[in-house]
Structures are given as C-alpha cells and as structure tokens.
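To be precise, the following lines are my_file.cif, and they hold mmCIF, C-alpha atoms.
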```cif
data_data
loop_
_atom_site.label_atom_id
_atom_site.label_comp_id
_atom_site.auth_asym_id
_atom_site.auth_seq_id
_atom_site.Cartn_x
_atom_site.Cartn_y
_atom_site.Cartn_z
CA MET H 284 -4.61 -34.46 13.88
CA SER H 285 -6.11 -31.51 15.78
CA SER H 286 -8.87 -29.55 14.13
CA LEU H 287 -8.52 -25.89 13.32
CA PRO H 288 -10.09 -23.46 15.83
CA VAL H 289 -13.55 -22.16 15.02
CA TYR H 290 -14.08 -18.46 15.73
CA SER H 291 -17.39 -16.74 16.36
CA PRO H 292 -18.56 -14.05 13.91
CA ARG H 293 -17.96 -11.42 16.60
CA ALA H 294 -14.39 -12.64 17.21
CA ILE H 295 -13.67 -12.57 13.48
CA ALA H 296 -15.16 -9.09 13.12
CA MET H 297 -13.26 -7.62 16.07
CA ALA H 298 -9.97 -9.19 14.99
CA ALA H 299 -10.46 -7.82 11.48
CA PHE H 300 -11.26 -4.40 12.94
CA ALA H 301 -8.11 -4.42 15.08
CA LEU H 302 -5.96 -5.44 12.11
CA ALA H 303 -7.63 -2.81 9.93
CA ILE H 304 -6.91 -0.08 12.53
CA GLY H 305 -3.23 -0.94 12.14
CA GLY H 306 -3.62 -0.72 8.37
CA PHE H 307 -5.36 2.63 8.81
CA GLY H 308 -2.43 3.96 10.82
CA ILE H 309 0.18 2.64 8.40
CA GLY H 310 -1.70 3.97 5.38
CA THR H 311 -2.15 7.37 6.97
CA GLY H 312 1.54 7.54 7.81
CA GLU H 313 2.52 6.56 4.28
CA PHE H 314 0.18 8.94 2.47
CA ALA H 315 0.27 11.96 4.81
CA ILE H 316 3.48 13.44 3.42
CA MET H 317 1.94 13.50 -0.07
CA GLY H 318 -0.70 16.00 1.04
CA LEU H 319 1.86 17.99 3.05
CA LEU H 320 4.52 18.05 0.34
CA PRO H 321 4.51 21.86 -0.10
CA ASN H 322 4.56 22.41 3.68
CA VAL H 323 7.49 20.07 4.27
CA ALA H 324 9.37 21.58 1.33
CA GLU H 325 8.94 25.11 2.66
CA HIS H 326 9.85 24.24 6.26
CA LEU H 327 12.94 22.20 5.37
CA GLN H 328 13.89 24.59 2.54
CA VAL H 329 14.06 21.93 -0.16
CA SER H 330 12.24 21.52 -3.48
CA ALA H 331 9.00 19.59 -3.96
CA PRO H 332 10.76 16.81 -5.96
CA GLU H 333 13.26 16.49 -3.08
CA VAL H 334 10.38 15.94 -0.66
CA GLY H 335 9.21 13.32 -3.14
CA HIS H 336 12.44 11.49 -2.28
CA LEU H 337 11.14 11.16 1.29
CA ILE H 338 8.20 9.23 -0.17
CA SER H 339 10.65 7.04 -2.04
CA ALA H 340 12.72 6.49 1.11
CA TYR H 341 9.68 5.15 2.97
CA ALA H 342 8.76 2.95 0.05
CA LEU H 343 12.28 1.55 -0.19
CA GLY H 344 12.07 0.76 3.52
CA VAL H 345 9.02 -1.36 2.75
CA VAL H 346 10.75 -3.02 -0.20
CA ILE H 347 13.74 -4.03 1.90
CA GLY H 348 11.97 -4.61 5.20
CA ALA H 349 9.19 -6.91 4.02
CA PRO H 350 11.34 -9.83 2.81
CA LEU H 351 14.03 -9.29 5.44
CA ILE H 352 11.59 -9.40 8.35
CA ALA H 353 9.53 -12.24 6.85
CA VAL H 354 12.61 -14.44 6.58
CA MET H 355 14.34 -13.49 9.84
CA ALA H 356 11.15 -13.70 11.92
CA ALA H 357 9.79 -16.87 10.28
CA HIS H 358 10.11 -18.78 13.58
CA LEU H 359 7.87 -16.35 15.48
CA SER H 360 4.13 -16.78 15.90
CA ARG H 361 2.07 -14.43 13.76
CA SER H 362 0.54 -12.61 16.72
CA THR H 363 3.95 -11.96 18.31
CA LEU H 364 5.31 -10.70 15.02
CA LEU H 365 2.34 -8.36 14.50
CA PHE H 366 2.85 -6.81 17.92
CA GLY H 367 6.57 -6.28 17.36
CA LEU H 368 6.01 -4.73 13.94
CA MET H 369 3.53 -2.22 15.32
CA ILE H 370 5.92 -1.19 18.12
CA TRP H 371 8.56 -0.56 15.45
CA PHE H 372 6.06 1.53 13.47
CA VAL H 373 5.14 3.65 16.51
CA ILE H 374 8.77 4.44 17.32
CA GLY H 375 9.51 5.33 13.70
CA ASN H 376 6.67 7.83 13.44
CA PHE H 377 7.50 9.62 16.67
CA ALA H 378 11.13 9.77 15.53
CA SER H 379 9.95 11.32 12.24
CA ALA H 380 7.95 13.90 14.15
CA PHE H 381 11.11 15.05 15.96
CA ALA H 382 13.54 14.76 13.04
CA PRO H 383 15.87 17.80 13.10
CA GLY H 384 16.40 18.06 9.34
CA TYR H 385 15.86 16.70 5.84
CA TYR H 386 18.40 13.87 5.90
CA SER H 387 17.46 12.64 9.37
CA LEU H 388 13.80 12.68 8.31
CA MET H 389 14.72 10.65 5.24
CA ALA H 390 16.46 8.07 7.44
CA PHE H 391 13.52 7.85 9.83
CA ARG H 392 11.04 7.48 6.96
CA PHE H 393 13.10 4.60 5.59
CA LEU H 394 13.17 2.87 8.99
CA THR H 395 9.45 3.48 9.55
CA GLY H 396 8.64 1.85 6.23
CA MET H 397 10.44 -1.39 7.05
CA PRO H 398 7.61 -3.07 9.08
CA HIS H 399 4.89 -1.94 6.65
CA GLY H 400 4.86 -4.86 4.22
CA ALA H 401 5.39 -7.52 6.84
CA TYR H 402 2.50 -6.14 8.92
CA PHE H 403 0.02 -6.27 6.04
CA GLY H 404 1.27 -9.67 4.92
CA VAL H 405 0.99 -11.26 8.36
CA ALA H 406 -2.32 -9.49 9.05
CA ALA H 407 -3.74 -10.93 5.82
CA LEU H 408 -2.65 -14.43 6.84
CA VAL H 409 -4.14 -14.07 10.33
CA ALA H 410 -7.45 -12.83 8.91
CA ALA H 411 -7.55 -15.61 6.30
CA SER H 412 -6.79 -18.27 8.94
CA MET H 413 -9.88 -17.31 10.95
CA VAL H 414 -12.38 -17.97 8.15
CA PRO H 415 -13.18 -20.87 5.77
CA PRO H 416 -11.02 -20.98 2.60
CA HIS H 417 -13.82 -19.77 0.33
CA ARG H 418 -14.09 -16.53 2.33
CA ARG H 419 -10.44 -15.58 2.43
CA GLY H 420 -10.89 -12.86 -0.22
CA GLN H 421 -13.44 -11.10 1.95
CA ALA H 422 -11.24 -11.47 5.03
CA ILE H 423 -8.20 -10.00 3.31
CA GLY H 424 -10.36 -7.25 1.86
CA ARG H 425 -11.46 -6.22 5.36
CA VAL H 426 -7.85 -5.89 6.46
CA MET H 427 -6.96 -3.92 3.32
CA LEU H 428 -9.96 -1.69 3.98
CA GLY H 429 -7.95 0.01 6.72
CA LEU H 430 -5.46 1.15 4.09
CA THR H 431 -8.16 2.53 1.80
CA VAL H 432 -10.02 4.27 4.62
CA ALA H 433 -6.69 5.89 5.45
CA ALA H 434 -6.70 7.40 1.98
CA LEU H 435 -10.31 8.57 2.39
CA ILE H 436 -10.24 9.83 5.98
CA GLY H 437 -6.81 9.47 7.58
CA ASN H 438 -4.80 11.23 4.90
CA PRO H 439 -7.09 14.29 4.60
CA LEU H 440 -7.25 14.58 8.39
CA ALA H 441 -3.48 14.26 8.71
CA THR H 442 -3.04 16.80 5.92
CA GLY H 443 -5.43 19.23 7.60
CA LEU H 444 -3.74 18.70 10.97
CA GLY H 445 -0.32 19.21 9.39
CA GLN H 446 -1.42 22.42 7.69
CA TRP H 447 -2.84 23.68 11.00
CA LEU H 448 -0.20 22.60 13.53
CA GLY H 449 2.73 21.75 11.27
CA TRP H 450 3.76 18.57 9.48
CA ARG H 451 5.40 17.17 12.63
CA ALA H 452 1.99 16.96 14.30
CA ALA H 453 0.76 14.66 11.52
CA PHE H 454 3.47 12.07 12.23
CA ALA H 455 2.86 12.31 15.99
CA ALA H 456 -0.83 11.62 15.36
CA VAL H 457 0.06 8.57 13.28
CA GLY H 458 2.25 7.29 16.11
CA THR H 459 -0.71 7.65 18.46
CA ILE H 460 -2.86 5.55 16.12
CA GLY H 461 -0.16 2.91 16.36
CA ILE H 462 -0.43 2.87 20.16
CA ILE H 463 -4.20 2.38 19.88
CA THR H 464 -3.53 -0.49 17.46
CA LEU H 465 -1.28 -2.20 19.99
CA ILE H 466 -4.09 -2.14 22.53
CA MET H 467 -6.57 -3.50 19.98
CA LEU H 468 -4.24 -6.26 18.79
CA ASN H 469 -3.61 -7.42 22.34
CA LYS H 470 -7.32 -7.54 23.12
CA PHE H 471 -8.92 -8.93 19.97
CA VAL H 472 -6.41 -10.80 17.79
CA PRO H 473 -6.01 -14.46 18.83
CA HIS H 474 -2.48 -15.36 19.83
CA GLN H 475 -2.51 -18.46 17.56
CA GLU H 476 0.49 -20.01 19.27
CA ASP H 477 -0.65 -23.33 17.81
CA GLN H 478 -0.21 -22.10 14.25
CA PRO H 479 2.64 -23.92 12.49
CA VAL H 480 5.72 -21.73 12.28
CA SER H 481 7.92 -21.58 9.22
CA SER H 482 11.66 -21.34 8.65
CA ALA H 483 13.90 -19.01 6.68
CA ARG H 484 14.69 -21.78 4.19
CA GLN H 485 11.02 -22.61 3.65
CA GLU H 486 10.06 -18.98 3.15
CA LEU H 487 12.90 -18.36 0.71
CA GLY H 488 11.56 -21.25 -1.35
CA ALA H 489 8.97 -18.87 -2.79
CA LEU H 490 11.72 -17.08 -4.69
CA ARG H 491 12.33 -20.18 -6.81
CA ARG H 492 8.88 -19.91 -8.40
CA GLY H 493 8.61 -17.96 -11.63
CA GLN H 494 5.00 -16.90 -11.15
CA VAL H 495 5.91 -15.31 -7.80
CA TRP H 496 8.40 -13.07 -9.57
CA PHE H 497 5.99 -12.26 -12.39
CA THR H 498 3.27 -11.28 -9.92
CA LEU H 499 5.65 -9.11 -7.91
CA GLY H 500 6.89 -7.44 -11.08
CA ILE H 501 3.36 -6.64 -12.22
CA GLY H 502 2.66 -4.93 -8.91
CA ALA H 503 6.00 -3.11 -8.76
CA ILE H 504 5.69 -1.67 -12.27
CA GLY H 505 2.00 -1.59 -13.15
CA PHE H 506 0.91 -0.02 -9.88
CA GLY H 507 3.50 2.76 -10.07
CA GLY H 508 1.25 4.95 -12.18
CA LEU H 509 -1.13 5.67 -9.33
CA PHE H 510 1.74 6.90 -7.19
CA ALA H 511 3.25 8.99 -9.99
CA VAL H 512 0.09 11.12 -9.87
CA PHE H 513 -0.71 10.73 -6.16
CA SER H 514 2.74 11.86 -4.99
CA TYR H 515 2.40 15.26 -6.65
CA ILE H 516 -1.33 15.80 -6.38
CA ALA H 517 -1.05 18.78 -4.01
CA PRO H 518 1.10 21.02 -6.25
CA THR H 519 -0.86 19.90 -9.33
CA LEU H 520 -4.10 21.06 -7.73
CA THR H 521 -2.69 24.44 -6.76
CA GLN H 522 -0.49 25.12 -9.81
CA VAL H 523 -2.57 23.59 -12.64
CA THR H 524 -6.17 23.27 -11.48
CA GLY H 525 -5.97 26.63 -9.71
CA LEU H 526 -7.51 25.49 -6.44
CA GLY H 527 -6.48 26.76 -3.02
CA GLU H 528 -4.48 24.70 -0.53
CA SER H 529 -7.65 24.01 1.45
CA TRP H 530 -8.88 21.83 -1.45
CA VAL H 531 -6.01 19.38 -1.10
CA PRO H 532 -7.62 17.34 1.74
CA ILE H 533 -10.87 17.22 -0.25
CA ALA H 534 -9.09 15.91 -3.33
CA LEU H 535 -7.28 13.31 -1.23
CA ALA H 536 -10.62 12.19 0.21
CA VAL H 537 -12.03 11.85 -3.32
CA MET H 538 -9.10 9.66 -4.33
CA GLY H 539 -9.56 7.70 -1.10
CA ALA H 540 -13.20 7.06 -1.99
CA GLY H 541 -12.04 5.70 -5.33
CA MET H 542 -9.56 3.44 -3.53
CA ILE H 543 -12.31 2.01 -1.32
CA VAL H 544 -14.41 1.26 -4.40
CA GLY H 545 -11.38 -0.30 -6.06
CA ASN H 546 -10.55 -2.42 -3.00
CA ILE H 547 -14.09 -3.81 -2.82
CA ALA H 548 -14.17 -4.41 -6.57
CA GLY H 549 -10.78 -6.11 -6.47
CA GLY H 550 -11.92 -8.61 -3.85
CA TRP H 551 -15.08 -9.33 -5.84
CA LEU H 552 -13.12 -9.80 -9.08
CA ALA H 553 -10.50 -12.02 -7.44
CA ASP H 554 -13.16 -14.49 -6.32
CA ARG H 555 -14.51 -14.81 -9.85
CA ALA H 556 -11.72 -14.56 -12.44
CA LEU H 557 -8.41 -14.00 -10.71
CA VAL H 558 -5.93 -13.95 -13.59
CA LYS H 559 -8.18 -12.17 -16.10
CA SER H 560 -8.89 -9.48 -13.51
CA ILE H 561 -5.21 -8.57 -13.29
CA GLY H 562 -5.12 -7.69 -17.00
CA GLY H 563 -8.45 -5.89 -16.87
CA VAL H 564 -7.45 -3.66 -13.95
CA LEU H 565 -4.16 -2.75 -15.65
CA VAL H 566 -5.96 -1.71 -18.85
CA TRP H 567 -8.40 0.40 -16.84
CA THR H 568 -5.57 2.04 -14.89
CA MET H 569 -3.68 2.88 -18.07
CA LEU H 570 -6.72 4.58 -19.59
CA VAL H 571 -7.66 6.75 -16.61
CA LEU H 572 -4.04 7.85 -16.14
CA ALA H 573 -3.62 8.70 -19.82
CA ILE H 574 -6.46 11.26 -19.70
CA PHE H 575 -5.12 12.97 -16.55
CA PRO H 576 -3.34 15.83 -18.40
CA TRP H 577 -6.62 16.84 -20.09
CA MET H 578 -8.70 16.52 -16.91
CA ALA H 579 -6.42 18.46 -14.56
CA GLY H 580 -7.30 21.94 -15.82
CA ASN H 581 -10.87 21.94 -14.48
CA ALA H 582 -11.88 21.34 -10.86
CA TRP H 583 -14.82 19.03 -11.69
CA THR H 584 -13.04 16.88 -14.25
CA MET H 585 -9.96 16.77 -12.02
CA MET H 586 -11.97 15.40 -9.09
CA LEU H 587 -13.64 12.81 -11.32
CA ASN H 588 -10.30 11.68 -12.72
CA ILE H 589 -8.73 11.50 -9.26
CA PHE H 590 -11.58 9.22 -8.15
CA LEU H 591 -11.14 6.96 -11.17
CA ILE H 592 -7.37 6.75 -10.67
CA GLY H 593 -8.03 5.68 -7.06
CA THR H 594 -10.09 2.72 -8.24
CA GLY H 595 -6.88 1.24 -9.60
CA LEU H 596 -6.28 -0.04 -6.08
CA ALA H 597 -8.38 -3.02 -7.21
CA LEU H 598 -5.03 -4.49 -8.20
CA GLY H 599 -4.13 -4.87 -4.50
CA PRO H 600 -6.37 -7.73 -3.31
CA VAL H 601 -6.16 -9.43 -6.71
CA LEU H 602 -2.38 -9.68 -6.58
CA GLN H 603 -2.42 -10.53 -2.85
CA ILE H 604 -4.50 -13.64 -3.44
CA ARG H 605 -2.54 -14.50 -6.57
CA LEU H 606 0.70 -14.46 -4.61
CA MET H 607 -0.74 -16.65 -1.87
CA ASP H 608 -1.80 -19.15 -4.55
CA VAL H 609 1.54 -19.35 -6.33
CA ALA H 610 3.78 -19.29 -3.22
CA ALA H 611 2.75 -22.73 -1.88
CA ASP H 612 4.15 -23.13 1.66
CA ALA H 613 6.07 -19.82 1.75
CA GLN H 614 3.02 -17.82 2.77
CA THR H 615 4.54 -15.18 5.05
CA LEU H 616 7.21 -14.07 2.60
CA ALA H 617 4.83 -14.04 -0.35
CA ALA H 618 2.12 -12.12 1.49
CA SER H 619 4.66 -9.57 2.70
CA LEU H 620 6.30 -9.18 -0.69
CA ASN H 621 3.02 -8.04 -2.20
CA HIS H 622 3.29 -4.82 -0.22
CA SER H 623 6.99 -4.65 -0.91
CA ALA H 624 6.15 -4.66 -4.62
CA PHE H 625 3.49 -2.00 -4.21
CA ASN H 626 5.89 0.25 -2.36
CA MET H 627 8.52 -0.34 -5.00
CA ALA H 628 5.80 1.01 -7.28
CA ASN H 629 5.45 3.93 -4.87
CA ALA H 630 9.17 4.66 -5.07
CA LEU H 631 9.28 4.19 -8.84
CA GLY H 632 6.21 6.30 -9.51
CA ALA H 633 7.29 9.15 -7.21
CA TRP H 634 10.80 9.14 -8.67
CA LEU H 635 9.79 9.04 -12.35
CA GLY H 636 7.09 11.63 -11.75
CA GLY H 637 9.68 13.89 -10.15
CA VAL H 638 12.07 13.31 -13.06
CA ALA H 639 9.40 14.35 -15.57
CA ILE H 640 8.52 17.47 -13.58
CA THR H 641 12.16 18.47 -13.05
CA ALA H 642 12.80 17.98 -16.78
CA GLY H 643 10.23 20.70 -17.48
CA TYR H 644 7.31 18.61 -18.73
CA GLY H 645 4.94 20.08 -16.16
CA TRP H 646 2.92 18.76 -13.24
CA THR H 647 0.43 16.91 -15.45
CA SER H 648 3.19 14.86 -17.07
CA THR H 649 2.79 12.48 -14.14
CA GLY H 650 -0.32 11.14 -15.89
CA TRP H 651 1.69 10.12 -18.96
CA VAL H 652 4.37 8.60 -16.74
CA GLY H 653 1.68 6.61 -14.93
CA ALA H 654 0.05 5.39 -18.14
CA MET H 655 3.40 4.12 -19.44
CA LEU H 656 4.03 2.27 -16.17
CA ALA H 657 0.59 0.62 -16.38
CA LEU H 658 1.33 -0.37 -19.98
CA ALA H 659 4.65 -1.90 -18.91
CA GLY H 660 2.85 -3.84 -16.18
CA LEU H 661 0.33 -5.06 -18.75
CA LEU H 662 3.10 -6.29 -21.04
CA LEU H 663 4.68 -8.17 -18.12
CA PHE H 664 1.28 -9.67 -17.35
CA GLY H 665 1.13 -10.96 -20.93
CA VAL H 666 4.52 -12.63 -20.50
CA SER H 667 3.28 -14.16 -17.23
CA VAL H 668 0.23 -15.66 -18.94
CA LEU H 669 2.37 -17.14 -21.71
CA HIS H 670 4.73 -18.63 -19.11
CA MET H 671 1.79 -20.09 -17.17
CA ARG H 672 0.36 -21.70 -20.31
CA ARG H 673 3.72 -23.22 -21.16
CA MET H 674 4.47 -24.50 -17.66
CA GLY H 675 0.90 -25.46 -16.73
CA PRO H 676 -1.66 -23.78 -14.44
CA VAL H 677 -0.97 -23.14 -10.78
CA SER H 678 -3.38 -23.36 -7.89
CA GLY H 679 -5.87 -20.55 -7.95
CA ALA H 680 -5.48 -19.65 -11.59
CA ALA H 681 -8.69 -18.70 -13.30
#
```

Represent the supplied structure as structure tokens.
Amino acid sequence: MSSLPVYSPRAIAMAAFALAIGGFGIGTGEFAIMGLLPNVAEHLQVSAPEVGHLISAYALGVVIGAPLIAVMAAHLSRSTLLFGLMIWFVIGNFASAFAPGYYSLMAFRFLTGMPHGAYFGVAALVAASMVPPHRRGQAIGRVMLGLTVAALIGNPLATGLGQWLGWRAAFAAVGTIGIITLIMLNKFVPHQEDQPVSSARQELGALRRGQVWFTLGIGAIGFGGLFAVFSYIAPTLTQVTGLGESWVPIALAVMGAGMIVGNIAGGWLADRALVKSIGGVLVWTMLVLAIFPWMAGNAWTMMLNIFLIGTGLALGPVLQIRLMDVAADAQTLAASLNHSAFNMANALGAWLGGVAITAGYGWTSTGWVGAMLALAGLLLFGVSVLHMRRMGPVSGAA
C-alpha cells in the first residue's frame, strides 16, 4: 500500500492561500448584493424585498448545485473539479454584470450559485488531505477564512465600488477575483490525481444516514437568522439607525470582523467538544439576534450587535467537521451539502425577513425572525442528540 504524500509547510500554506482566495471571491460575490440592495432596487425599479429574492435565487443555486455537482462529478479528481467550478463561477459573475434586467439577473445569480457549495466542500477536503488528521480543523478553518475575510474586506470594497461605479462593476470585480483564483489553483494546489475517486452511488450513501440529515437541518434552519438580518442591513442602517449610505460598508466590515472571530472560535470549539459546541453556538446566536430590535436605534449599539451577530459564523466549521464525521465514505457530497444547507439558510432568512418587512413589522423585525430560526435550529439539535443517544455515538461525537 502506497503511503500518503507528505507536503512541506510552505506547500500547505500556499495551497490553503489559493483555496482561500477562491473562497474570498465566492463570499464577496454572495454578500455584495446585500450591501448594494438599495442601489440595485433603484436601478432595476423594483422594491428592496424583491432584490432580496435575488439573494434567495443565488442561495437556491447553491442548495441545488452542491449535491448535483458532487454526485455527477464524483469520478473526477478533486483538483480538476475545483478548476472547473471556478471557471463556472467566473462566467456566472460576468454574466450577472451584463444582465439586461431583473429576471435575467435572477437567472444568472441562480446559475452562479450552483458551484459555490461544491467548491467549498472540495476545497475543505483538499486542505484536510494535506495535513495530519488531528490538524484538519485548522486546515478547514484556513479555507473558510477566505469567506470571512470576504465579509470583512471584500463585501465593503464591493459595496463601495458598486456605489461609485454602479452595481454591475461589483460583479465584474468578483469575476476578476475568480480569474486570479484560477491562476493560483493551477500553481499551488497539488493535482492529487492519485487520490481515490468516488462514485455517484457511494456519495449518495450519505443520504441514508440520519445524523447527516439532522446536521444539514440544523445548518439550514438555525443559521438562517444571521441572513435574516444581514440581507436587509443596508436599509435598516439608513431607515432605522439614521446613518448615511456611506456607513453601510463600515457596518459590513464590522459584521465581517465578527465572522472572522466566529470562524476562529468555531474551529477551536470543534476540536474540543464538537457536539456540545453546536448547541452552545445556537443559544448564543438566538440571544444576540433577539436583542437586535433594541440595539438598532443607536449607531454604537447597532455596530456592537452587528459584530456579535457575525460571530454566529462559528457554526460553520463546527457543522463542517460534524458532517465529515457522520458521512463515512461519502465525503464529497457531505462536505458540499454543508454549504448547501447554509445557503438554504440564506434563502430562508432573506425570504422570511422580507415577509416580515412587507407585512409591516418594520426593518428591525428581522431580528425576531432570526431569533426564532435559531430557536428552531436548537430544537432540532435536541432531537439529533436524542437520536444519537438512542442509536449510539458516531465517529467524532464529543
């Protein structure tokens, strides 16, 4: 039996950096429209909740694309799949930049979202395969860091660029980041042609495991609260907090800083008490979302609350590792479905937040919507724990 390849620290670092650049581009592309929501609404002559449907369209693309691609491309090497997914992402963003109207933009956002989950899932597996098993949490965290840095830096920059040159320029810039990623992937990510490939049947085997479904459900529901607030943060800042449009990129950067803290904390927690951390993060998320309506009226308390809501991203690496543990040999599908679940949360949160606003409950009602979603995720987590105790522990449970 051949031994696994041993990579130098520099090779591991550069591969992680290349993968994270892709995550940075994808995260920036996903989040950018949230900061530009009023601009897109005005230019396309639609309402803010209707622009929220563009967010949902992208998220639904992730939900559908992640399992579909993971199963259909199971026979491909991970490096080949990564490259193809990024090409798809580049084309989708440039198409979005040139979309002639609202419905064509919605279609392009859906198509652009399709490679999102599969990219992060495969990137996590590649990063984990380059390090010893006991360091996989750190490796996955470095890849996920690209997504959180996108919230801190990429999203505010894209928002500022979109406000200056128009929202189309933001999507063109994201497409350019994708081209840079392709160059980086080709240069620094090992081709790993010797990695064992899977099959559609093997990958679909993950869907027969109850804990896989519980974990996906927790992410899809419990994580929706963050997006209920995040999707409508720009109009909330201007209409409720009373800040000018120029403050929107600053607020997005504050939430991005919270996401980075949450991502780091999530990796640390996952290595120490994986299952307990899921419940703890959900309780924390519910609390910080519940106080949002009282914090939104003042600039200082609003910024503090936005930061705290961002830390809820700790759920990301925790659930990613949990899925890899409970999926056995269906690693690609499980890793991809984690991001499918999170983007289902994106769609659910944006939609329910828009419903509450349209119903006349006000911009801050998104906080109550988010708290209820976190509570629902917590209840599902309780059911998952009871099921695990009845059926016996799985690998990685702690």

Apply the PyMOL selection byres ((chain H and resi 381-392) around 12) to the file shown and report the selected residues as a PyMOL selection string. chain H and resi 309+312-316+323-330+333-345+371-380+393-399+449-455+458

Once the PyMOL selection byres ((chain H and resi 595) around 9) has been evaluated on this model, what residues remain selected, and can you format them as a VMD selection string? chain H and resid 506 509 541 to 542 545 to 546 549 564 to 565 567 to 568 571 591 to 594 596 to 599

Go through H:Gly420, H:Arg425, H:Gly660, H:Ala517 one by one, measure the shortest atom-to-atom distance of each to Leu557 in chain H using only C-alpha atoms, and give the residue with the smallest value.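 Closest to Leu557 in chain H, using only C-alpha atoms: H:Gly420.
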
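If only C-alpha atoms are the atoms counted, then among H:Leu364, H:Leu663, H:Ala357, H:Ala303 the closest residue to Thr464 in chain H is H:Ala303.
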
Extract, using all atoms listed in the file, all DNA, RNA and protein residues at most 12 Å from Pro415 in chain H, discarding same-chain residues fewer than 5 positions from it, and format them as a compact mmCIF listing (two decimals) with C-alpha atoms, in the coordinates of the input.
```txt
# COMPACT_ATOMS: atom_id res chain seq x y z
CA LEU H 287 -8.52 -25.89 13.32
CA PRO H 288 -10.09 -23.46 15.83
CA VAL H 289 -13.55 -22.16 15.02
CA TYR H 290 -14.08 -18.46 15.73
CA PRO H 292 -18.56 -14.05 13.91
CA ILE H 295 -13.67 -12.57 13.48
CA ALA H 410 -7.45 -12.83 8.91
CA GLY H 420 -10.89 -12.86 -0.22
CA GLN H 421 -13.44 -11.10 1.95
CA ALA H 422 -11.24 -11.47 5.03
```

I'd like to see the residues matched by the PyMOL selection byres ((chain H and resi 625-637) around 6) on this file, and ideally I'd get them as a list of chain:residue names. H:Pro332, H:Ser339, H:Ala342, H:Val346, H:Gly502, H:Ala503, H:Ile504, H:Phe506, H:Gly507, H:Gly508, H:Phe510, H:Ala511, H:Ser514, H:His622, H:Ser623, H:Ala624, H:Val638, H:Ala639, H:Ile640, H:Thr641, H:Thr649

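Going from CA of Gly424 in chain H over to CA of Gly367 in chain H, you cover 23.0 Å.
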
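Considering the residues H:Ile460, H:Ala299, H:Ala579, H:Ile370 and counting only C-alpha atoms, Ala441 in chain H has its shortest atom-to-atom contact with H:Ile460.
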
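CA of Met569 in chain H to CA of Leu658 in chain H spans 6.3 Å [interatomic distance, one decimal].
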
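The two atoms in question, CA of Val609 in chain H and CA of Ala407 in chain H, are spaced 15.7 Å apart.
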
Nearest to Arg418 in chain H among H:Ile604, H:Val523, H:Met467, H:Leu570, with distances taken over all atoms listed in the file: which residue is it? H:Ile604

Polymer residues at most 9 Å from Met297 in chain H, all atoms listed in the file, same-chain spacing of 4 or more positions, as a compact mmCIF listing (two decimals) with C-alpha atoms, keeping the file's coordinate frame:
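Okay, out-v5.txt is ready:
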```txt
# COMPACT_ATOMS: atom_id res chain seq x y z
CA PRO H 292 -18.56 -14.05 13.91
CA ARG H 293 -17.96 -11.42 16.60
CA ALA H 301 -8.11 -4.42 15.08
CA LEU H 302 -5.96 -5.44 12.11
CA MET H 467 -6.57 -3.50 19.98
CA PHE H 471 -8.92 -8.93 19.97
CA VAL H 472 -6.41 -10.80 17.79
```

Shell around Ala582 in chain H at 9 Å using all atoms listed in the file, local window under 4 positions removed, as an MDAnalysis selection string: chainID H and resid 520 524:526 578 586:587
